[in-house]
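**Student:** Got a structure for you, work-v1.txt, holding compact mmCIF, C-alpha atoms.
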```txt
# COMPACT_ATOMS: atom_id res chain seq x y z
CA MET A 1 -8.08 -7.47 -10.97
CA PHE A 2 -5.94 -10.12 -9.31
CA CYS A 3 -6.40 -13.21 -7.23
CA VAL A 4 -4.16 -15.36 -5.05
CA SER A 5 -5.11 -18.87 -4.06
CA GLY A 6 -3.50 -21.03 -1.39
CA LEU A 7 -0.46 -18.75 -1.11
CA THR A 8 2.04 -20.14 1.39
CA LYS A 9 5.49 -19.14 2.62
CA ASP A 10 7.73 -20.92 5.12
CA PHE A 11 11.01 -19.86 6.72
CA ASP A 12 13.18 -22.50 8.40
CA GLY A 13 10.27 -24.92 8.45
CA LYS A 14 7.88 -22.47 10.10
CA ALA A 15 4.92 -21.02 8.22
CA VAL A 16 4.83 -17.22 7.89
CA PHE A 17 1.47 -17.51 6.14
CA SER A 18 -0.38 -20.52 4.84
CA GLY A 19 -3.17 -21.03 2.32
CA VAL A 20 -4.00 -17.34 1.85
CA ASN A 21 -6.83 -16.63 -0.58
CA LEU A 22 -7.43 -13.04 -1.70
CA THR A 23 -9.33 -11.43 -4.56
CA VAL A 24 -8.97 -7.70 -5.26
CA THR A 25 -11.48 -5.92 -7.48
CA ARG A 26 -10.49 -3.11 -9.83
CA ASN A 27 -10.61 0.45 -8.45
CA ARG A 28 -11.14 -0.71 -4.86
CA PHE A 29 -9.04 0.27 -1.87
CA ALA A 30 -8.24 -2.97 -0.05
CA VAL A 31 -6.55 -2.76 3.36
CA LEU A 32 -4.94 -5.71 5.14
CA ILE A 33 -4.77 -5.06 8.87
CA GLY A 34 -3.01 -7.17 11.44
CA PRO A 35 -0.57 -7.00 14.33
CA SER A 36 3.07 -6.05 13.82
CA GLY A 37 5.21 -9.01 12.83
CA CYS A 38 2.37 -11.16 11.53
CA GLY A 39 3.89 -11.46 8.04
CA LYS A 40 2.27 -8.61 6.11
CA SER A 41 5.45 -7.30 4.49
CA THR A 42 6.61 -10.82 3.63
CA PHE A 43 3.25 -11.33 1.90
CA PHE A 44 3.93 -8.28 -0.30
CA ASP A 45 7.46 -9.54 -1.01
CA VAL A 46 5.95 -12.79 -2.30
CA LEU A 47 3.31 -10.96 -4.34
CA THR A 48 5.98 -8.90 -6.09
CA GLY A 49 8.41 -11.77 -6.62
CA VAL A 50 11.09 -10.46 -4.25
CA ILE A 51 10.98 -13.90 -2.63
CA PRO A 52 9.27 -17.00 -4.04
CA ALA A 53 6.12 -18.58 -2.67
CA ASP A 54 6.35 -22.15 -1.42
CA ALA A 55 2.85 -22.99 -2.62
CA GLY A 56 -0.18 -21.37 -4.21
CA THR A 57 -1.01 -19.50 -7.41
CA MET A 58 -1.59 -15.94 -8.59
CA SER A 59 -3.66 -14.67 -11.47
CA TRP A 60 -3.91 -11.25 -13.11
CA GLN A 61 -7.13 -10.40 -14.93
CA GLY A 62 -7.85 -14.11 -15.25
CA GLU A 63 -4.39 -15.14 -16.50
CA LYS A 64 -2.00 -17.10 -14.28
CA VAL A 65 1.21 -15.22 -13.42
CA GLY A 66 4.30 -16.01 -11.38
CA HIS A 67 4.16 -12.73 -9.46
CA LEU A 68 2.96 -9.12 -9.72
CA GLY A 69 6.40 -7.50 -9.85
CA ASP A 70 6.01 -6.23 -13.41
CA LEU A 71 2.33 -5.40 -12.97
CA ALA A 72 2.16 -3.39 -9.74
CA ALA A 73 3.90 -0.31 -8.35
CA TYR A 74 5.20 -0.89 -4.83
CA MET A 75 5.49 1.95 -2.30
CA HIS A 76 7.41 1.05 0.84
CA GLN A 77 7.24 2.38 4.38
CA LYS A 78 10.47 4.33 3.79
CA ASP A 79 10.54 6.77 0.89
CA LEU A 80 13.78 5.23 -0.53
CA LEU A 81 14.70 8.45 -2.34
CA LEU A 82 18.28 8.63 -3.61
CA PRO A 83 19.93 11.40 -1.57
CA TRP A 84 22.13 12.68 -4.42
CA PHE A 85 19.18 13.20 -6.80
CA SER A 86 16.72 16.09 -6.65
CA LEU A 87 13.09 15.32 -5.90
CA LEU A 88 12.22 15.62 -9.58
CA GLU A 89 15.10 13.38 -10.66
CA ASN A 90 14.00 10.80 -8.09
CA SER A 91 10.50 10.84 -9.53
CA LEU A 92 11.88 10.25 -13.03
CA LEU A 93 13.66 7.00 -12.13
CA PRO A 94 10.78 4.76 -13.36
CA ALA A 95 10.79 6.55 -16.73
CA LYS A 96 14.57 6.22 -17.03
CA THR A 97 14.46 2.53 -16.13
CA ALA A 98 11.73 1.89 -18.71
CA GLY A 99 13.49 3.90 -21.43
CA ASP A 100 10.58 6.33 -21.79
CA ASN A 101 10.78 9.73 -23.46
CA LEU A 102 12.34 11.82 -20.68
CA GLN A 103 11.03 15.15 -21.94
CA GLN A 104 7.46 13.89 -21.80
CA ALA A 105 8.10 12.16 -18.47
CA ARG A 106 9.48 15.39 -16.99
CA LEU A 107 6.36 17.29 -18.05
CA HIS A 108 4.15 14.59 -16.54
CA ALA A 109 6.12 14.52 -13.29
CA THR A 110 5.99 18.32 -13.02
CA LYS A 111 2.20 18.21 -13.30
CA LEU A 112 2.07 15.54 -10.58
CA PHE A 113 4.32 17.69 -8.36
CA SER A 114 1.80 20.50 -8.70
CA ARG A 115 -1.16 18.21 -8.01
CA LEU A 116 0.43 16.70 -4.90
CA GLY A 117 1.58 19.99 -3.39
CA LEU A 118 5.27 19.86 -4.37
CA SER A 119 5.37 22.63 -6.95
CA GLY A 120 8.50 24.74 -6.44
CA TYR A 121 10.45 21.94 -4.76
CA GLU A 122 11.49 20.03 -7.87
CA ASP A 123 15.19 20.90 -7.51
CA TYR A 124 15.45 20.31 -3.76
CA LEU A 125 17.44 17.37 -2.45
CA PRO A 126 15.65 14.91 -0.14
CA TYR A 127 17.49 16.09 2.99
CA GLN A 128 16.26 19.64 2.37
CA VAL A 129 12.56 18.82 2.78
CA SER A 130 10.33 17.26 5.44
CA GLY A 131 9.45 13.59 5.75
CA GLY A 132 5.95 14.30 4.50
CA MET A 133 7.30 15.99 1.37
CA ARG A 134 9.62 13.06 0.74
CA GLN A 135 6.63 10.71 0.91
CA ARG A 136 4.75 12.96 -1.51
CA CYS A 137 7.69 12.61 -3.87
CA ALA A 138 7.58 8.86 -3.37
CA LEU A 139 3.90 8.98 -4.35
CA VAL A 140 4.77 10.85 -7.54
CA ARG A 141 7.46 8.26 -8.32
CA THR A 142 4.91 5.49 -7.70
CA LEU A 143 2.48 7.08 -10.16
CA MET A 144 5.28 7.43 -12.72
CA PHE A 145 5.41 3.64 -12.97
CA ASN A 146 1.99 3.99 -14.65
CA ARG A 147 0.68 0.76 -13.16
CA ASP A 148 -3.01 0.17 -12.48
CA LEU A 149 -2.27 -1.59 -9.17
CA ILE A 150 -0.40 0.06 -6.30
CA LEU A 151 0.83 -1.88 -3.27
CA LEU A 152 1.37 0.24 -0.14
CA ASP A 153 3.43 -1.12 2.75
CA GLU A 154 2.54 1.13 5.72
CA PRO A 155 3.63 4.24 3.76
CA LEU A 156 2.54 6.73 6.43
CA SER A 157 3.54 4.99 9.64
CA ALA A 158 6.73 7.02 10.19
CA LEU A 159 4.99 10.40 9.88
CA ASP A 160 3.54 12.70 12.52
CA ALA A 161 -0.25 12.78 12.96
CA ILE A 162 -0.86 16.04 11.07
CA THR A 163 1.28 15.08 8.07
CA ARG A 164 -0.23 11.61 8.09
CA LYS A 165 -3.78 12.96 7.85
CA SER A 166 -2.81 15.13 4.88
CA LEU A 167 -1.22 12.23 3.04
CA GLN A 168 -4.20 9.97 3.72
CA SER A 169 -6.20 12.31 1.51
CA LEU A 170 -3.56 12.00 -1.20
CA LEU A 171 -3.79 8.21 -1.07
CA LEU A 172 -7.50 8.51 -1.76
CA LEU A 173 -6.65 10.68 -4.79
CA LEU A 174 -4.75 7.73 -6.25
CA GLN A 175 -8.04 5.87 -6.34
CA SER A 176 -10.56 8.60 -7.15
CA GLU A 177 -8.61 10.83 -9.54
CA PHE A 178 -5.92 8.55 -10.96
CA ASN A 179 -8.13 5.43 -11.12
CA ARG A 180 -5.68 3.15 -9.36
CA THR A 181 -6.49 -0.02 -7.46
CA LEU A 182 -4.84 0.05 -4.04
CA VAL A 183 -3.80 -2.67 -1.61
CA MET A 184 -2.34 -1.37 1.65
CA ILE A 185 -1.05 -3.15 4.71
CA THR A 186 -1.19 -1.50 8.12
CA HIS A 187 -1.57 -2.16 11.83
CA ASP A 188 -3.44 1.16 12.36
CA VAL A 189 -7.16 0.48 12.80
CA ASP A 190 -8.14 4.15 12.47
CA GLU A 191 -6.31 4.52 9.17
CA ALA A 192 -7.84 1.32 7.82
CA LEU A 193 -11.37 2.43 8.66
CA LEU A 194 -10.85 5.89 7.18
CA LEU A 195 -9.51 4.66 3.83
CA ALA A 196 -10.66 1.11 3.03
CA ASP A 197 -13.42 -0.13 0.77
CA ASP A 198 -12.57 -3.72 1.67
CA LEU A 199 -10.94 -4.42 5.02
CA TYR A 200 -9.25 -7.76 5.69
CA LEU A 201 -8.46 -8.79 9.27
CA LEU A 202 -5.28 -10.85 9.58
CA SER A 203 -4.29 -13.34 12.23
CA THR A 204 -0.89 -13.66 13.87
CA LYS A 205 1.60 -16.16 12.42
CA PRO A 206 0.96 -18.18 10.51
CA MET A 207 -0.84 -15.22 8.99
CA GLY A 208 -4.23 -15.79 7.43
CA ILE A 209 -7.27 -13.75 6.47
CA VAL A 210 -9.86 -14.33 9.17
CA GLU A 211 -12.55 -11.89 8.06
CA LYS A 212 -13.45 -9.49 5.25
CA ILE A 213 -15.41 -6.32 6.05
CA VAL A 214 -16.95 -4.24 3.25
CA LEU A 215 -17.17 -0.58 4.25
CA GLN A 216 -19.72 1.86 2.86
CA GLY A 217 -19.97 5.64 2.68
CA GLU A 218 -17.92 8.51 1.31
CA LYS A 219 -14.24 8.80 2.19
CA PRO A 220 -12.34 9.93 4.10
CA ARG A 221 -14.72 8.86 6.82
CA ARG A 222 -15.14 10.61 10.16
CA PHE A 223 -15.10 9.07 13.58
CA ASP A 224 -18.10 11.07 14.74
CA ASN A 225 -20.09 8.28 13.06
CA PRO A 226 -21.23 5.97 15.90
CA GLU A 227 -21.35 2.93 13.58
CA LEU A 228 -17.68 3.46 12.70
CA LEU A 229 -16.74 3.78 16.37
CA LEU A 230 -18.55 0.54 17.13
CA MET A 231 -16.83 -1.19 14.22
CA LYS A 232 -13.44 0.00 15.51
CA GLU A 233 -14.19 -1.47 18.94
CA VAL A 234 -15.20 -4.81 17.43
CA ILE A 235 -12.08 -4.96 15.24
CA MET A 236 -9.81 -4.10 18.17
CA GLN A 237 -11.38 -6.86 20.24
CA LYS A 238 -10.87 -9.39 17.46
CA LEU A 239 -7.25 -8.41 16.85
CA GLU A 240 -6.40 -8.30 20.55
CA GLY A 241 -8.17 -11.60 21.11
CA ASP A 242 -6.04 -13.24 18.43
CA ILE A 243 -2.83 -11.96 20.06
CA GLU A 244 -3.92 -13.14 23.51
CA HIS A 245 -4.82 -16.56 22.12
CA VAL A 246 -1.33 -17.00 20.68
CA SER A 247 0.43 -15.79 23.83
```
Is it possible to give me this structure as structure tokens?

**Tutor:**
Amino acid sequence: MFCVSGLTKDFDGKAVFSGVNLTVTRNRFAVLIGPSGCGKSTFFDVLTGVIPADAGTMSWQGEKVGHLGDLAAYMHQKDLLLPWFSLLENSLLPAKTAGDNLQQARLHATKLFSRLGLSGYEDYLPYQVSGGMRQRCALVRTLMFNRDLILLDEPLSALDAITRKSLQSLLLLLQSEFNRTLVMITHDVDEALLLADDLYLLSTKPMGIVEKIVLQGEKPRRFDNPELLLMKEVIMQKLEGDIEHVS
């Protein structure tokens, strides 16, 4: 679906990441995992054109592009809901921005609310619902962009364990039911192993992709699988070894 080659970003003469090469295949769930502060969010900012790259190229379905800002939907760690809008009105912001037919968009959003467990909460304000429900609304808003590619910047990291597990299943729905291609960044090894098709291990700064792991089997996976437990141990050793090497 898209490819980056030699992508590089410097701040104040220091490389945040350098020479990153990444190819993402349609309808795959790619997860980039690395330690906090390694440059993952900056990488997404460059992909979406929030900040410019210093070197490298990007291509979308074989055509060179400057960035993916108009091609991908971007879901942040925080839900970023507008507090004075209802949940439904928040979800309609992409349609309003694009000038779409609001009556049709409202019907579509209402169906998504039902599918993602928000039916009956359309008129609630963000402060009136839980963090998990706000993130569900953010997922609806992300789908309302109607983009084939969704970038996820640690969207579940601020949630409690029970809510997080529930929303992990909803992320998989984006791939299986809504046919979206997903690229997520995280520092949670368990979450990466439960969700990913393609897992990319990242180094500390300057961030780079040090290994790609292709995962098999139905999702969400379970940690009663001894092979998965062994893989987790190996990944933890590699990530911790990289941190120790830098320090």

**Student:** Which of these residues is nearest to Leu199 of chain A, using only C-alpha atoms: A:Tyr124, A:Phe29, A:Phe43, A:Phe178?

**Tutor:**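 Distance minimum relative to Leu199 of chain A lands on A:Phe29.
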
**Student:** Mind listing whatever residues come within 10 Å of the point (7.9, -12.2, -6.7)? Use only C-alpha atoms, file coordinates, and give them as a VMD selection string.

**Tutor:** chain A and resid 43 to 53 65 to 70

**Student:** What does the distance from atom CA of Arg134 of chain A to atom CA of Asn101 of chain A come to in Å, to one decimal?

**Tutor:**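 That distance, rounded to one decimal, is 24.5 Å.
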
**Student:** Choose the residue, out of A:Lys78, A:Phe85, A:Val140, A:Ser166, that has the smallest atom-to-atom separation from Gln128 of chain A; count all atoms listed in the file.

**Tutor:** A:Phe85

**Student:** Go through A:Ser41, A:Thr97, A:Ser157, A:Gln175 and flag the residue nearest Gly132 of chain A, using all atoms listed in the file for the distances.

**Tutor:**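 Of A:Ser41, A:Thr97, A:Ser157, A:Gln175, the one nearest Gly132 of chain A, counting all atoms listed in the file, is A:Ser157.
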
**Student:** Using only C-alpha atoms - which residues lie no farther than 6 Å from the point (8.0, 20.7, -1.5) in the file's frame? Write them as a list in words.

**Tutor:**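 The residues that fall inside the cut-off are Leu118, Tyr121 and Met133 of chain A.
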
**Student:** With C-alpha atoms retained, write the just-selected residues as a tab-separated table (two decimals), keeping the file's coordinate frame.

**Tutor:**
```tsv
chain	number	residue	atom	x	y	z
A	118	LEU	CA	5.27	19.86	-4.37
A	121	TYR	CA	10.45	21.94	-4.76
A	133	MET	CA	7.30	15.99	1.37
```

**Student:** Could you give me, as a list in words, the residues within 8 Å of Leu102 of chain A, counting all atoms listed in the file and dropping anything in the same chain fewer than 6 positions from it?

**Tutor:**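 Final neighbour list, sorted by chain and number: Leu92, Ala95 and Lys96 of chain A.
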
**Student:** Now that the selection is made, can you save its residues with C-alpha atoms as an mmCIF file, keeping the file's coordinate frame?

**Tutor:**
```cif
data_model
loop_
_atom_site.group_PDB
_atom_site.id
_atom_site.type_symbol
_atom_site.label_atom_id
_atom_site.label_comp_id
_atom_site.auth_asym_id
_atom_site.auth_seq_id
_atom_site.Cartn_x
_atom_site.Cartn_y
_atom_site.Cartn_z
ATOM 1 C CA LEU A 92 11.880 10.250 -13.030
ATOM 2 C CA ALA A 95 10.790 6.550 -16.730
ATOM 3 C CA LYS A 96 14.570 6.220 -17.030
#
```

**Student:** Nearest to Gly19 of chain A: which of A:Leu167, A:Asp100, A:Val210, A:Leu230 is it, counting all atoms listed in the file?

**Tutor:**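 The closest residue to Gly19 of chain A is A:Val210.
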
**Student:** Just give me the gap between atom CA of Glu240 of chain A and atom CA of Pro35 of chain A in Å, one decimal is fine.

**Tutor:**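 One can read the atom CA of Glu240 of chain A to atom CA of Pro35 of chain A distance as 8.6 Å.
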
**Student:** So how many Å separate atom CA of Glu89 of chain A and atom CA of Ala161 of chain A, to one decimal?

**Tutor:** 28.2 Å

**Student:** Considering all atoms listed in the file, state which residue in the set A:Val189, A:Phe223, A:Gly56, A:Gly37 is at the smallest distance from Gln237 of chain A.

**Tutor:** A:Val189

**Student:** Just the residues within 8 Å of Asp197 of chain A, please, counting all atoms listed in the file, with nothing from its chain fewer than 3 positions along; format it as a count of residues only.

**Tutor:** 7

**Student:** Looking at A:Val129, A:Leu173, A:Leu195, A:Val24, which one is nearest to Phe2 of chain A, with distances taken over all atoms listed in the file?

**Tutor:**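 Among A:Val129, A:Leu173, A:Leu195, A:Val24, it is A:Val24 that comes nearest to Phe2 of chain A.
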
**Student:** Quick one: residues within 10 Å of Met1 of chain A, only C-alpha atoms, excluding same-chain residues fewer than 4 positions away - as a tab-separated table (two decimals) with C-alpha atoms, in the frame of the given file?

**Tutor:**
```
chain	number	residue	atom	x	y	z
A	23	THR	CA	-9.33	-11.43	-4.56
A	24	VAL	CA	-8.97	-7.70	-5.26
A	25	THR	CA	-11.48	-5.92	-7.48
A	26	ARG	CA	-10.49	-3.11	-9.83
A	27	ASN	CA	-10.61	0.45	-8.45
A	28	ARG	CA	-11.14	-0.71	-4.86
A	59	SER	CA	-3.66	-14.67	-11.47
A	60	TRP	CA	-3.91	-11.25	-13.11
A	61	GLN	CA	-7.13	-10.40	-14.93
A	62	GLY	CA	-7.85	-14.11	-15.25
A	148	ASP	CA	-3.01	0.17	-12.48
A	149	LEU	CA	-2.27	-1.59	-9.17
A	181	THR	CA	-6.49	-0.02	-7.46
```

**Student:** Give me the residues within 9 Å of Leu174 of chain A as an mmCIF file with C-alpha atoms, keeping the file's coordinate frame, counting only C-alpha atoms and dropping any in the same chain fewer than 5 places off.

**Tutor:**
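Wrote out.cif, looks like this:
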```
data_model
loop_
_atom_site.group_PDB
_atom_site.id
_atom_site.type_symbol
_atom_site.label_atom_id
_atom_site.label_comp_id
_atom_site.auth_asym_id
_atom_site.auth_seq_id
_atom_site.Cartn_x
_atom_site.Cartn_y
_atom_site.Cartn_z
ATOM 1 C CA LEU A 139 3.900 8.980 -4.350
ATOM 2 C CA LEU A 143 2.480 7.080 -10.160
ATOM 3 C CA ILE A 150 -0.400 0.060 -6.300
ATOM 4 C CA ASN A 179 -8.130 5.430 -11.120
ATOM 5 C CA ARG A 180 -5.680 3.150 -9.360
ATOM 6 C CA THR A 181 -6.490 -0.020 -7.460
ATOM 7 C CA LEU A 182 -4.840 0.050 -4.040
#
```

**Student:** Could you work out an axis-aligned box for segment 73-91 of chain A, taking every atom the file lists and adding 3 Å on each side, and report centre and edge lengths in Å to one decimal, as lines of an AutoDock Vina configuration file?

**Tutor:**
```
center_x = 13.0
center_y = 7.6
center_z = -3.1
size_x = 24.2
size_y = 23.0
size_z = 21.0
```
